Structures are given as structure tokens and as C-alpha cells.
file upload.tsv (TSV, C-alpha atoms and all ligand atoms)
chain	number	residue	atom	x	y	z
A	1	MET	CA	154.49	10.81	121.98
A	2	ASN	CA	154.00	7.10	121.77
A	3	CYS	CA	153.46	6.60	125.47
A	4	PHE	CA	150.47	4.35	124.89
A	5	SER	CA	151.93	2.35	122.08
A	6	PRO	CA	152.29	-1.32	122.94
A	7	GLN	CA	155.49	-1.26	120.91
A	8	THR	CA	158.84	-1.62	122.61
A	9	ARG	CA	160.87	1.58	122.69
A	10	GLY	CA	164.42	1.22	123.87
A	11	ARG	CA	167.27	3.67	123.96
A	12	LEU	CA	171.00	4.00	123.61
A	13	ALA	CA	172.12	6.68	126.06
A	14	PRO	CA	175.88	7.13	125.94
A	15	SER	CA	177.71	9.77	127.94
A	16	PRO	CA	180.46	11.51	125.97
A	17	THR	CA	183.05	10.96	128.67
A	18	GLY	CA	185.46	9.19	126.31
A	19	ALA	CA	185.58	6.68	123.50
A	20	LEU	CA	183.27	3.65	123.60
A	21	HIS	CA	184.94	0.48	124.82
A	22	LEU	CA	183.99	-3.17	124.48
A	23	GLY	CA	181.98	-3.13	127.69
A	24	ASN	CA	179.77	-0.31	126.38
A	25	ILE	CA	179.36	-2.13	123.07
A	26	ARG	CA	178.36	-5.42	124.69
A	27	THR	CA	175.53	-3.67	126.55
A	28	PHE	CA	174.50	-1.71	123.42
A	29	MET	CA	174.56	-4.90	121.35
A	30	ILE	CA	172.10	-6.57	123.71
A	31	THR	CA	169.97	-3.39	123.85
A	32	TRP	CA	169.83	-3.32	120.04
A	33	LEU	CA	169.03	-7.03	119.73
A	34	LEU	CA	166.30	-6.82	122.37
A	35	ALA	CA	164.58	-3.94	120.60
A	36	ARG	CA	164.97	-5.39	117.12
A	37	THR	CA	163.83	-8.92	117.97
A	38	GLN	CA	160.69	-7.36	119.49
A	39	GLY	CA	160.09	-5.27	116.38
A	40	GLY	CA	160.67	-2.23	118.57
A	41	ARG	CA	162.20	1.17	118.06
A	42	LEU	CA	165.42	2.65	119.38
A	43	VAL	CA	166.15	6.21	120.41
A	44	MET	CA	169.66	7.70	120.52
A	45	ARG	CA	170.08	10.14	123.38
A	46	ILE	CA	173.34	11.83	124.29
A	47	GLU	CA	173.80	12.25	128.04
A	48	ASP	CA	176.06	15.27	127.89
A	49	LEU	CA	174.93	17.23	130.91
A	50	ASP	CA	177.77	19.37	132.10
A	51	HIS	CA	180.25	16.96	133.55
A	52	PRO	CA	183.96	17.40	134.17
A	53	LYS	CA	184.65	14.08	132.43
A	54	ASN	CA	182.98	15.05	129.12
A	55	LYS	CA	185.46	15.04	126.24
A	56	PRO	CA	185.19	17.31	123.22
A	57	GLY	CA	184.66	15.31	120.04
A	58	ALA	CA	183.48	12.25	121.96
A	59	VAL	CA	179.94	12.40	120.54
A	60	THR	CA	181.09	12.25	116.93
A	61	GLY	CA	183.49	9.44	117.77
A	62	MET	CA	180.82	7.37	119.51
A	63	ILE	CA	178.30	7.74	116.70
A	64	ASP	CA	180.96	6.87	114.16
A	65	ASP	CA	182.03	3.74	116.08
A	66	LEU	CA	178.44	2.57	116.47
A	67	ARG	CA	177.63	3.01	112.79
A	68	TRP	CA	180.84	1.22	111.82
A	69	LEU	CA	179.84	-1.71	114.03
A	70	GLY	CA	176.45	-1.94	112.27
A	71	PHE	CA	174.18	-0.24	114.79
A	72	ASP	CA	171.19	1.76	113.66
A	73	TRP	CA	168.44	3.62	115.49
A	74	ASP	CA	165.14	5.16	114.54
A	75	GLU	CA	165.04	8.47	116.33
A	76	GLY	CA	167.30	10.87	118.09
A	77	TYR	CA	170.78	12.11	117.69
A	78	GLY	CA	172.24	11.49	114.24
A	79	CYS	CA	168.86	11.09	112.52
A	80	GLY	CA	169.01	14.49	110.83
A	81	GLN	CA	170.10	17.94	111.83
A	82	GLU	CA	166.81	19.19	113.23
A	83	HIS	CA	166.60	16.13	115.47
A	84	ASP	CA	169.96	16.37	117.11
A	85	SER	CA	169.48	19.10	119.66
A	86	ALA	CA	166.20	17.60	120.91
A	87	TYR	CA	168.14	14.53	122.04
A	88	LEU	CA	171.12	16.22	123.64
A	89	GLN	CA	170.57	16.50	127.37
A	90	SER	CA	172.53	19.75	127.47
A	91	ARG	CA	169.82	21.26	125.23
A	92	ARG	CA	166.90	19.97	127.27
A	93	VAL	CA	167.48	21.76	130.56
A	94	GLU	CA	164.12	23.55	130.51
A	95	HIS	CA	162.36	20.17	130.67
A	96	TYR	CA	164.29	19.22	133.80
A	97	ALA	CA	163.61	22.63	135.33
A	98	LYS	CA	159.89	22.11	134.77
A	99	ALA	CA	159.93	18.71	136.48
A	100	LEU	CA	161.96	20.16	139.36
A	101	ALA	CA	159.45	23.00	139.74
A	102	ARG	CA	156.66	20.42	140.11
A	103	LEU	CA	158.59	18.62	142.82
A	104	ILE	CA	159.32	21.89	144.64
A	105	GLU	CA	155.64	22.79	144.49
A	106	GLN	CA	154.70	19.46	146.04
A	107	ASN	CA	157.31	19.90	148.77
A	108	LEU	CA	159.05	16.68	147.72
A	109	VAL	CA	162.50	18.24	147.58
A	110	TYR	CA	164.49	20.63	149.75
A	111	PRO	CA	167.50	22.91	149.34
A	112	CYS	CA	170.81	21.57	150.61
A	113	THR	CA	173.94	23.59	151.30
A	114	CYS	CA	176.26	20.70	152.11
A	115	SER	CA	179.64	20.06	150.53
A	116	ARG	CA	180.16	20.92	146.90
A	117	ARG	CA	181.97	17.60	146.39
A	118	ASP	CA	179.04	15.48	147.58
A	119	VAL	CA	176.67	17.42	145.42
A	120	GLU	CA	178.86	17.10	142.35
A	121	ALA	CA	179.25	13.36	142.82
A	122	GLY	CA	175.47	13.09	143.18
A	123	LEU	CA	174.88	14.79	139.85
A	124	SER	CA	176.42	12.07	137.66
A	125	ALA	CA	175.36	8.47	137.10
A	126	PRO	CA	176.34	6.36	140.11
A	127	HIS	CA	178.33	3.63	138.37
A	128	SER	CA	179.35	2.01	141.60
A	129	ASP	CA	178.07	-0.32	144.27
A	130	GLU	CA	178.29	2.21	147.04
A	131	ALA	CA	175.61	4.83	146.78
A	132	LEU	CA	176.59	8.08	148.44
A	133	PHE	CA	174.73	8.13	151.71
A	134	TYR	CA	173.27	11.40	152.92
A	135	GLU	CA	171.96	11.56	156.45
A	136	GLY	CA	169.44	14.33	155.72
A	137	HIS	CA	171.32	17.15	157.40
A	138	CYS	CA	169.46	19.94	155.53
A	139	ARG	CA	166.02	18.30	155.44
A	140	ASP	CA	164.32	20.56	157.96
A	141	ARG	CA	167.05	23.14	158.16
A	142	TYR	CA	165.75	25.97	155.98
A	143	LEU	CA	162.44	27.70	155.98
A	144	ASP	CA	162.71	28.37	152.26
A	145	PHE	CA	165.12	28.52	149.38
A	146	ALA	CA	166.20	32.09	150.12
A	147	ALA	CA	167.26	31.07	153.61
A	148	ALA	CA	169.44	28.30	152.16
A	149	GLN	CA	170.97	30.61	149.56
A	150	ALA	CA	171.75	33.17	152.26
A	151	LYS	CA	173.86	30.55	153.99
A	152	LEU	CA	176.22	30.23	151.00
A	153	PRO	CA	178.78	32.55	149.42
A	154	ALA	CA	177.52	34.27	146.26
A	155	THR	CA	179.57	31.90	144.09
A	156	ARG	CA	177.60	28.84	145.22
A	157	VAL	CA	173.98	27.79	144.83
A	158	PRO	CA	172.09	25.25	146.92
A	159	ALA	CA	171.37	21.81	145.54
A	160	TRP	CA	167.93	20.22	145.55
A	161	ARG	CA	167.57	16.90	147.31
A	162	PHE	CA	164.72	14.46	146.93
A	163	LYS	CA	162.95	13.54	150.18
A	164	VAL	CA	163.18	9.76	150.31
A	165	PRO	CA	160.29	8.25	152.32
A	166	ALA	CA	161.43	6.57	155.54
A	167	ASN	CA	161.26	2.76	155.66
A	168	LEU	CA	159.73	2.42	152.22
A	169	ALA	CA	160.89	-0.62	150.23
A	170	VAL	CA	160.85	-0.08	146.46
A	171	ARG	CA	160.39	-3.31	144.51
A	172	PHE	CA	160.47	-4.09	140.84
A	173	THR	CA	160.97	-7.10	138.61
A	174	ASP	CA	164.02	-6.74	136.43
A	175	GLY	CA	163.86	-8.46	133.05
A	176	PHE	CA	167.21	-10.15	133.61
A	177	TYR	CA	168.04	-9.91	137.29
A	178	GLY	CA	164.60	-10.86	138.57
A	179	GLU	CA	162.99	-9.52	141.76
A	180	TYR	CA	164.79	-6.57	143.29
A	181	SER	CA	163.92	-4.75	146.48
A	182	GLN	CA	165.65	-1.92	148.25
A	183	VAL	CA	164.98	0.62	150.99
A	184	PRO	CA	166.40	3.82	149.47
A	185	ALA	CA	166.29	5.60	152.83
A	186	GLU	CA	168.87	3.08	154.05
A	187	LEU	CA	171.03	2.88	150.92
A	188	SER	CA	171.30	6.45	149.70
A	189	GLY	CA	169.10	8.63	151.86
A	190	ASP	CA	167.88	11.86	150.29
A	191	PHE	CA	169.67	12.18	146.96
A	192	VAL	CA	170.71	15.10	144.76
A	193	LEU	CA	168.43	15.98	141.85
A	194	ALA	CA	169.75	19.29	140.64
A	195	ARG	CA	171.75	22.38	141.37
A	196	HIS	CA	169.50	25.37	141.59
A	197	ALA	CA	169.08	27.16	138.26
A	198	LEU	CA	172.20	25.44	136.93
A	199	GLY	CA	170.43	22.32	135.94
A	200	ALA	CA	169.57	18.77	136.68
A	201	GLY	CA	171.78	15.84	137.38
A	202	TYR	CA	171.61	12.35	135.92
A	203	MET	CA	168.81	11.00	138.14
A	204	LEU	CA	166.24	13.61	137.20
A	205	ALA	CA	167.30	13.94	133.55
A	206	VAL	CA	167.12	10.21	132.88
A	207	VAL	CA	163.57	9.99	134.22
A	208	VAL	CA	162.32	13.11	132.43
A	209	ASP	CA	163.91	12.03	129.15
A	210	ASP	CA	162.94	8.38	129.14
A	211	ASN	CA	159.38	9.49	129.79
A	212	ALA	CA	159.40	12.31	127.21
A	213	MET	CA	160.93	10.04	124.58
A	214	GLY	CA	158.39	7.28	125.21
A	215	VAL	CA	161.05	4.82	126.32
A	216	ASN	CA	159.39	1.81	127.92
A	217	GLN	CA	162.37	-0.55	128.05
A	218	VAL	CA	165.60	0.51	129.72
A	219	VAL	CA	168.55	-1.80	129.14
A	220	ARG	CA	171.84	-0.95	130.86
A	221	GLY	CA	174.69	-2.28	132.97
A	222	ASP	CA	173.83	-3.69	136.38
A	223	ASP	CA	176.05	-1.09	138.03
A	224	LEU	CA	172.89	1.06	137.78
A	225	LEU	CA	170.57	-1.57	139.30
A	226	ALA	CA	170.88	-0.04	142.76
A	227	ALA	CA	170.07	3.44	141.36
A	228	THR	CA	166.80	2.22	139.85
A	229	PRO	CA	164.63	2.46	143.00
A	230	ARG	CA	165.61	6.13	143.30
A	231	GLN	CA	164.49	6.65	139.71
A	232	ILE	CA	161.22	4.83	140.41
A	233	LEU	CA	160.61	7.25	143.32
A	234	ILE	CA	161.01	10.17	140.91
A	235	TYR	CA	158.57	8.58	138.44
A	236	ARG	CA	156.02	8.18	141.22
A	237	ALA	CA	156.51	11.71	142.49
A	238	LEU	CA	155.89	13.06	138.98
A	239	GLY	CA	152.89	10.77	138.50
A	240	LEU	CA	154.60	8.86	135.68
A	241	GLN	CA	154.80	5.20	134.74
A	242	PRO	CA	158.33	3.72	135.05
A	243	PRO	CA	159.67	1.67	132.13
A	244	ALA	CA	160.57	-2.01	132.25
A	245	TYR	CA	164.17	-2.48	133.34
A	246	ILE	CA	166.74	-4.98	132.13
A	247	HIS	CA	170.08	-4.79	133.94
A	248	LEU	CA	172.95	-6.74	132.42
A	249	PRO	CA	176.14	-8.09	133.94
A	250	LEU	CA	179.12	-5.90	133.18
A	251	MET	CA	182.33	-6.61	131.41
A	252	VAL	CA	185.19	-6.49	133.88
A	253	GLY	CA	188.98	-6.67	133.83
A	254	ALA	CA	190.99	-9.56	135.29
A	255	ASP	CA	190.81	-7.83	138.69
A	256	GLY	CA	187.01	-8.04	138.66
A	257	HIS	CA	186.50	-4.29	138.29
A	258	ARG	CA	184.42	-2.53	135.67
A	259	LEU	CA	186.40	-2.29	132.42
A	260	ALA	CA	188.65	0.79	132.51
A	261	LYS	CA	191.82	2.21	131.03
A	262	ARG	CA	194.10	0.28	133.35
A	263	HIS	CA	192.86	-2.96	131.77
A	264	GLY	CA	194.53	-2.03	128.49
A	265	ASP	CA	193.10	-0.40	125.42
A	266	THR	CA	189.65	-1.83	124.74
A	267	ARG	CA	188.31	1.13	122.79
A	268	VAL	CA	186.50	0.27	119.57
A	269	ALA	CA	188.62	2.95	117.87
A	270	TYR	CA	191.79	1.15	118.92
A	271	PHE	CA	190.77	-2.19	117.38
A	272	ARG	CA	189.53	-0.41	114.29
A	273	GLU	CA	192.87	1.36	113.87
A	274	THR	CA	194.75	-1.91	114.22
A	275	GLY	CA	192.72	-3.43	111.38
A	276	ILE	CA	190.33	-5.65	113.30
A	277	SER	CA	186.98	-5.92	111.52
A	278	ALA	CA	183.62	-4.92	112.96
A	279	ASN	CA	182.37	-8.49	112.56
A	280	ARG	CA	185.27	-9.85	114.58
A	281	ILE	CA	184.49	-7.47	117.41
A	282	ILE	CA	180.78	-8.33	117.32
A	283	GLY	CA	181.71	-12.03	117.10
A	284	ALA	CA	183.91	-11.83	120.20
A	285	LEU	CA	181.18	-10.06	122.15
A	286	ALA	CA	178.52	-12.48	120.88
A	287	ALA	CA	180.71	-15.38	122.01
A	288	SER	CA	180.75	-13.87	125.50
A	289	CYS	CA	176.95	-14.02	125.46
A	290	GLY	CA	176.76	-17.61	124.21
A	291	TRP	CA	175.57	-16.72	120.69
A	292	ALA	CA	178.71	-17.36	118.67
A	293	LYS	CA	181.77	-19.57	118.70
A	294	GLN	CA	185.09	-18.24	119.89
A	295	GLY	CA	186.79	-16.44	117.00
A	296	GLU	CA	183.69	-16.39	114.81
A	297	GLU	CA	183.06	-13.28	112.70
A	298	ILE	CA	179.44	-12.24	112.48
A	299	SER	CA	177.47	-9.07	111.83
A	300	LEU	CA	175.07	-7.54	114.29
A	301	ALA	CA	172.13	-8.20	111.94
A	302	ALA	CA	173.11	-11.87	111.53
A	303	LEU	CA	172.83	-12.29	115.31
A	304	LEU	CA	169.10	-11.57	115.28
A	305	PRO	CA	168.00	-15.21	114.84
A	306	ARG	CA	170.49	-16.36	117.47
A	307	PHE	CA	169.48	-13.87	120.14
A	308	ASP	CA	168.50	-15.60	123.38
A	309	LEU	CA	168.82	-13.71	126.65
A	310	SER	CA	168.59	-16.95	128.63
A	311	LEU	CA	172.03	-17.96	127.32
A	312	LEU	CA	173.66	-14.83	128.72
A	313	PRO	CA	175.89	-15.76	131.68
A	314	ARG	CA	174.70	-14.20	134.93
A	315	GLU	CA	178.17	-13.37	136.17
A	316	PRO	CA	180.32	-10.47	134.94
A	317	PHE	CA	182.26	-11.25	131.78
A	318	VAL	CA	186.02	-11.11	132.32
A	319	TRP	CA	187.83	-9.57	129.36
A	320	ARG	CA	191.15	-11.06	128.26
A	321	ASP	CA	193.31	-9.51	125.52
A	322	GLU	CA	193.58	-12.77	123.61
A	323	LEU	CA	189.82	-12.70	122.91
A	324	LEU	CA	190.48	-10.31	120.03
B	1	LIG	N1	174.50	7.82	130.17
B	1	LIG	C1	174.64	6.87	131.22
B	1	LIG	C2	176.03	6.34	131.18
B	1	LIG	O1	176.60	6.17	130.16
B	1	LIG	C3	173.66	5.72	131.08
B	1	LIG	C4	172.56	5.91	132.02
B	1	LIG	C5	171.42	4.94	131.88
B	1	LIG	O2	171.48	4.04	131.05
B	1	LIG	O3	170.47	5.12	132.61
B	1	LIG	O4	176.60	6.12	132.19
B	2	ZN	ZN	172.72	19.39	153.07

call {"tool": "encode", "arguments": {"input": "upload.tsv", "output": "C-alpha cells"}}
result
Amino acid sequence: MNCFSPQTRGRLAPSPTGALHLGNIRTFMITWLLARTQGGRLVMRIEDLDHPKNKPGAVTGMIDDLRWLGFDWDEGYGCGQEHDSAYLQSRRVEHYAKALARLIEQNLVYPCTCSRRDVEAGLSAPHSDEALFYEGHCRDRYLDFAAAQAKLPATRVPAWRFKVPANLAVRFTDGFYGEYSQVPAELSGDFVLARHALGAGYMLAVVVDDNAMGVNQVVRGDDLLAATPRQILIYRALGLQPPAYIHLPLMVGADGHRLAKRHGDTRVAYFRETGISANRIIGALAASCGWAKQGEEISLAALLPRFDLSLLPREPFVWRDELL
């Protein structure tokens, strides 16, 4: 892989939990512009690990929306049949299992038999300010995995939790946010990596995949900023180099919460069906970043010479229906 290439390698990593909305597109637009203005490459990875919120048909819909809006990418899903499965997380479970085995060998994880609900919540991306806090109940509870399994009914398997070092502050410099420091032992405690033999959750998969795919620039919403130190701990435990991170302010509804269904229909597919052009959508999003005038229609490619991350407002962007 191109791990040693000085070239920027970014990624688009949608989860097929529904149709893409304007908030997703705003982040993807900036991801695309960052990679392209640096002459870098973009990878398309589908984060479709088994998740109750995954919707059938969502992958096709997302790819179709992105192409319609003018996005392109160099590798990954949608770049030709033989490529697709290598970039679907659901088809990459053996890679996560290998990484988990290394962590087990190094005694950096332990089996946990606590509530199924906690474990399930810990397996998906934590798009929220409050990390789930785990007090370490199972840390020294079981002599080995078999002892943990024996504690559960046959229908359940233990989870694997990462041993977060006590008192350790994890620091990194975010490309937009700036200096960030956190003590993961205080925020999240030991966090869920995987369910035994059933596969990895988001935290482990994202690290394994970004590394395997040579991604050295991760651009995403700042709802994942607080999850980043946990990912850096996994990189270190696996002896890998973390990427550069750029966390962007989110698009929110009038109530200040992350854009969701209750804020009205902001799906790309909805605007497309009502006859609104791709360039109008891109124009409205570019205006929110300070790169276009209100109401201007512009293509993604035409934004390249206007791209300037320093113009991006630092606060969340509040969506209003009249913007489109
Ligand atoms: N697939 C994740 C999501 O859509 C993105 C995770 C990431 O960018 O690290 O929530
Ligand atoms: Zn436990």
C-alpha cells in the first residue's frame, strides 16, 4: 500500500443507515475539496458492519447521490466490480479479527460480560457528546475467555474491551479544531472493540481500514472528535501511525441538534426529486462555508479555486428550509 507516499489520501466513509442528507454532503464536499486541492487521492469505503440501522438499498442510493452531485473518487467501492467487496466493511471481518488477535496476545483487551445494550451501543460510531462510560467492572474479573463465556447463556458471547491506561492524556493537533487533549480513562473508560467471533465494532474497524487503505487524512464531523483519542490508543497498541485529523463543525437544525429527520426532509434524494439542481445544492452548501454567495449555483469542480478552510465558520451551521 501507499503508506509511505507523501501524497494525501483521504476517504469518504458513509454508513448505509439511510439516505445522505445535506449535513453528510457538506462534510463530504470539504473532504473532497481538501483532497483534490492537495492533489491527493480519495478512497470510498462503505461502513456497513452489521448494524440495526442499516437500510437495504442505501449503498446504491448514496453512491448515486454522490455521483449526481459531481463527486468522484479514485479507489474503493464503485470503482469496478472486483474492487467493491474489498471496501465493504462487512467483507473485511478477517482483518479486524487479526488485529483483535494481536491485542488479545498482548493482553491489551479483556472479555466483558456486561449488558448487551451497552455493548451494542459501543459497537457503532459514537455520534454524540456523551461517550458511554464503563467503570471497568470486568477488567480483572475473568481468568481467561472461557471463564467469561461460561458466565453467559449459550446465546450470548462476551465482548472485548480495550484496556485504557489510567491517567494518560492523549493529545493531537486537529487540522481545523487545533490542539485537543483528553484523558480517555475519565471520558469513556475501557471501550468495546468487538464481540467475540461475531466481529468488530466501529472503533477497531475504522483504525484497521484507514491503515490498510493508506488513509493519512481523516476528515469528518466534529461529533467524532471526542472518539479520536480512543482510536489513537488503538493505533499505538497495534504499532501503527495515526492519520492527520480534520474535524469539521456539523450542520444542525434550528434546535441546535445534529441534522435529523425531525428537522424536515434534507435528503439529497428529496431535493433531486423536487427538481432542484446539483449545482444549487452545492452552491447552498458552499455559501455556508463562505465560498459562494447565497443562492449561487456552482459545481463542485468550480469550487476548487475558491476553497479556503480558513473561511469556514467555527460554529455549527444552522440549516433553514429557505436556504434551498
Ligand atoms: N461511517 C461513519 C459514519 O458515517 C464515519 C466514521 C468516520 O468518519 O470515522 O458515521
Ligand atoms: Zn463488563

call {"tool": "residues_around", "arguments": {"input": "upload.tsv", "residues": "Ser188 (chain A)", "least_positions_apart": "2", "cutoff": "12 Å", "atoms": "only C-alpha atoms", "output": "PyMOL selection string"}}
result
chain A and resi 122+126+129-136+161-166+182-186+190-192+226-230

call {"tool": "residues_around", "arguments": {"input": "upload.tsv", "residues": "Val206 (chain A)", "least_positions_apart": "6", "cutoff": "10 Å", "atoms": "all atoms listed in the file", "output": "list of chain:residue names"}}
result
A:Ala13, A:Arg45, A:Glu47, A:Gln89, A:Tyr96, A:Ala125, A:Ala200, A:Ala212, A:Gln231

call {"tool": "residues_around", "arguments": {"input": "upload.tsv", "residues": "Arg320 (chain A)", "least_positions_apart": "5", "cutoff": "12 Å", "atoms": "all atoms listed in the file", "output": "list in words"}}
result
Leu22, Met251, Val252, Gly253, Ala254, Asp255, Gly256, Leu259, His263, Gly264, Asp265, Thr266, Ala284, Leu285 and Ser288 of chain A

call {"tool": "residues_near_ligand", "arguments": {"input": "upload.tsv", "ligand": "ligand ZN 2 (chain B)", "cutoff": "7 Å", "atoms": "all atoms listed in the file", "output": "PyMOL selection string"}}
result
chain A and resi 112-114+136-138

call {"tool": "closest_residue", "arguments": {"input": "upload.tsv", "among": "A:Thr27, A:Ser15, A:Asn54, A:Ser128", "to": "ligand LIG 1 (chain B)", "atoms": "all atoms listed in the file"}}
result
A:Ser15

call {"tool": "closest_residue", "arguments": {"input": "upload.tsv", "among": "A:Ile25, A:Leu238, A:Ala278, A:Leu100", "to": "ligand LIG 1 (chain B)", "atoms": "all atoms listed in the file"}}
result
A:Ile25

call {"tool": "atom_distance", "arguments": {"input": "upload.tsv", "atom1": "CA of Gly80 (chain A)", "atom2": "CA of Trp32 (chain A)"}}
result
20.1 Å

call {"tool": "residues_around", "arguments": {"input": "upload.tsv", "residues": "Ala269 (chain A)", "least_positions_apart": "4", "cutoff": "8 Å", "atoms": "all atoms listed in the file", "output": "PyMOL selection string"}}
result
chain A and resi 19-20+65+273

call {"tool": "write_last_selection", "arguments": {"input": "upload.tsv", "atoms": "C-alpha atoms", "output": "mmCIF file, in the coordinates of the input"}}
result
data_model
loop_
_atom_site.group_PDB
_atom_site.id
_atom_site.type_symbol
_atom_site.label_atom_id
_atom_site.label_comp_id
_atom_site.auth_asym_id
_atom_site.auth_seq_id
_atom_site.Cartn_x
_atom_site.Cartn_y
_atom_site.Cartn_z
ATOM 1 C CA ALA A 19 185.580 6.680 123.500
ATOM 2 C CA LEU A 20 183.270 3.650 123.600
ATOM 3 C CA ASP A 65 182.030 3.740 116.080
ATOM 4 C CA GLU A 273 192.870 1.360 113.870
#

call {"tool": "residues_around", "arguments": {"input": "upload.tsv", "residues": "region 307-309 of chain A", "least_positions_apart": "2", "cutoff": "9 Å", "atoms": "all atoms listed in the file", "output": "PDB file with C-alpha atoms, in the frame of the given file"}}
result
ATOM      1  CA  ILE A  30     172.100  -6.570 123.710  1.00  0.00           C
ATOM      2  CA  LEU A  33     169.030  -7.030 119.730  1.00  0.00           C
ATOM      3  CA  LEU A  34     166.300  -6.820 122.370  1.00  0.00           C
ATOM      4  CA  THR A  37     163.830  -8.920 117.970  1.00  0.00           C
ATOM      5  CA  PHE A 176     167.210 -10.150 133.610  1.00  0.00           C
ATOM      6  CA  CYS A 289     176.950 -14.020 125.460  1.00  0.00           C
ATOM      7  CA  GLY A 290     176.760 -17.610 124.210  1.00  0.00           C
ATOM      8  CA  TRP A 291     175.570 -16.720 120.690  1.00  0.00           C
ATOM      9  CA  LEU A 303     172.830 -12.290 115.310  1.00  0.00           C
ATOM     10  CA  LEU A 304     169.100 -11.570 115.280  1.00  0.00           C
ATOM     11  CA  PRO A 305     168.000 -15.210 114.840  1.00  0.00           C
ATOM     12  CA  LEU A 311     172.030 -17.960 127.320  1.00  0.00           C
ATOM     13  CA  LEU A 312     173.660 -14.830 128.720  1.00  0.00           C
ATOM     14  CA  PRO A 313     175.890 -15.760 131.680  1.00  0.00           C
TER      15      PRO A 313
END

call {"tool": "closest_residue", "arguments": {"input": "upload.tsv", "among": "A:Asp321, A:Glu179, A:Glu75, A:Asp223", "to": "ligand LIG 1 (chain B)", "atoms": "only C-alpha atoms and all ligand atoms"}}
result
A:Asp223

call {"tool": "atom_distance", "arguments": {"input": "upload.tsv", "atom1": "CA of Asp64 (chain A)", "atom2": "CA of Leu12 (chain A)"}}
result
14.0 Å

call {"tool": "closest_residue", "arguments": {"input": "upload.tsv", "among": "A:Lys293, A:His95, A:Lys261, A:Lys53", "to": "ligand LIG 1 (chain B)", "atoms": "all atoms listed in the file"}}
result
A:Lys53

call {"tool": "axis_aligned_box", "arguments": {"input": "upload.tsv", "around": "region 223-226 of chain A", "padding_each_side": "8 Å", "output": "JSON"}}
result
{"center_x": 173.3, "center_y": -0.3, "center_z": 140.3, "size_x": 21.5, "size_y": 18.6, "size_z": 21.0}

call {"tool": "atom_distance", "arguments": {"input": "upload.tsv", "atom1": "CA of Asp50 (chain A)", "atom2": "CA of Asn211 (chain A)"}}
result
21.0 Å

call {"tool": "closest_residue", "arguments": {"input": "upload.tsv", "among": "A:Ala205, A:Leu187, A:Ala146, A:Ala101", "to": "ligand LIG 1 (chain B)", "atoms": "only C-alpha atoms and all ligand atoms"}}
result
A:Ala205

call {"tool": "closest_residue", "arguments": {"input": "upload.tsv", "among": "A:His83, A:His247, A:Arg267, A:Arg26", "to": "ligand LIG 1 (chain B)", "atoms": "all atoms listed in the file"}}
result
A:His247

call {"tool": "residues_near_point", "arguments": {"input": "upload.tsv", "point": "(171.8, 28.3, 142.3)", "cutoff": "9 Å", "atoms": "only C-alpha atoms", "output": "ChimeraX atom specification"}}
result
/A:149,155-159,195-199

call {"tool": "build_atoms", "arguments": {"input": "upload.tsv", "residues": "region 273-278 of chain A", "atoms": "all heavy atoms", "output": "PDB file, in the coordinates of the input"}}
result
ATOM      1  N   GLU A 273     191.599   0.850 114.391  1.00  0.00           N
ATOM      2  CA  GLU A 273     192.870   1.360 113.870  1.00  0.00           C
ATOM      3  C   GLU A 273     193.862   0.228 113.603  1.00  0.00           C
ATOM      4  O   GLU A 273     194.672   0.310 112.692  1.00  0.00           O
ATOM      5  CB  GLU A 273     193.506   2.352 114.862  1.00  0.00           C
ATOM      6  CG  GLU A 273     192.915   3.742 114.772  1.00  0.00           C
ATOM      7  CD  GLU A 273     193.057   4.529 116.084  1.00  0.00           C
ATOM      8  OE1 GLU A 273     193.982   4.213 116.877  1.00  0.00           O
ATOM      9  OE2 GLU A 273     192.230   5.427 116.312  1.00  0.00           O
ATOM     10  N   THR A 274     193.798  -0.816 114.417  1.00  0.00           N
ATOM     11  CA  THR A 274     194.750  -1.910 114.220  1.00  0.00           C
ATOM     12  C   THR A 274     194.258  -2.919 113.188  1.00  0.00           C
ATOM     13  O   THR A 274     194.874  -3.968 113.000  1.00  0.00           O
ATOM     14  CB  THR A 274     195.051  -2.638 115.554  1.00  0.00           C
ATOM     15  OG1 THR A 274     193.808  -3.049 116.118  1.00  0.00           O
ATOM     16  CG2 THR A 274     195.783  -1.741 116.534  1.00  0.00           C
ATOM     17  N   GLY A 275     193.143  -2.620 112.512  1.00  0.00           N
ATOM     18  CA  GLY A 275     192.720  -3.430 111.380  1.00  0.00           C
ATOM     19  C   GLY A 275     191.794  -4.591 111.729  1.00  0.00           C
ATOM     20  O   GLY A 275     191.563  -5.482 110.909  1.00  0.00           O
ATOM     21  N   ILE A 276     191.262  -4.584 112.929  1.00  0.00           N
ATOM     22  CA  ILE A 276     190.330  -5.650 113.300  1.00  0.00           C
ATOM     23  C   ILE A 276     188.928  -5.290 112.798  1.00  0.00           C
ATOM     24  O   ILE A 276     188.481  -4.158 112.950  1.00  0.00           O
ATOM     25  CB  ILE A 276     190.371  -5.872 114.832  1.00  0.00           C
ATOM     26  CG1 ILE A 276     191.727  -6.503 115.161  1.00  0.00           C
ATOM     27  CG2 ILE A 276     189.212  -6.730 115.312  1.00  0.00           C
ATOM     28  CD1 ILE A 276     191.996  -6.717 116.605  1.00  0.00           C
ATOM     29  N   SER A 277     188.256  -6.242 112.171  1.00  0.00           N
ATOM     30  CA  SER A 277     186.980  -5.920 111.520  1.00  0.00           C
ATOM     31  C   SER A 277     185.850  -5.791 112.544  1.00  0.00           C
ATOM     32  O   SER A 277     185.910  -6.336 113.650  1.00  0.00           O
ATOM     33  CB  SER A 277     186.617  -7.002 110.502  1.00  0.00           C
ATOM     34  OG  SER A 277     186.246  -8.189 111.183  1.00  0.00           O
ATOM     35  N   ALA A 278     184.805  -5.071 112.121  1.00  0.00           N
ATOM     36  CA  ALA A 278     183.620  -4.920 112.960  1.00  0.00           C
ATOM     37  C   ALA A 278     183.033  -6.293 113.307  1.00  0.00           C
ATOM     38  O   ALA A 278     182.639  -6.550 114.442  1.00  0.00           O
ATOM     39  CB  ALA A 278     182.586  -4.060 112.246  1.00  0.00           C
TER      40      ALA A 278
END
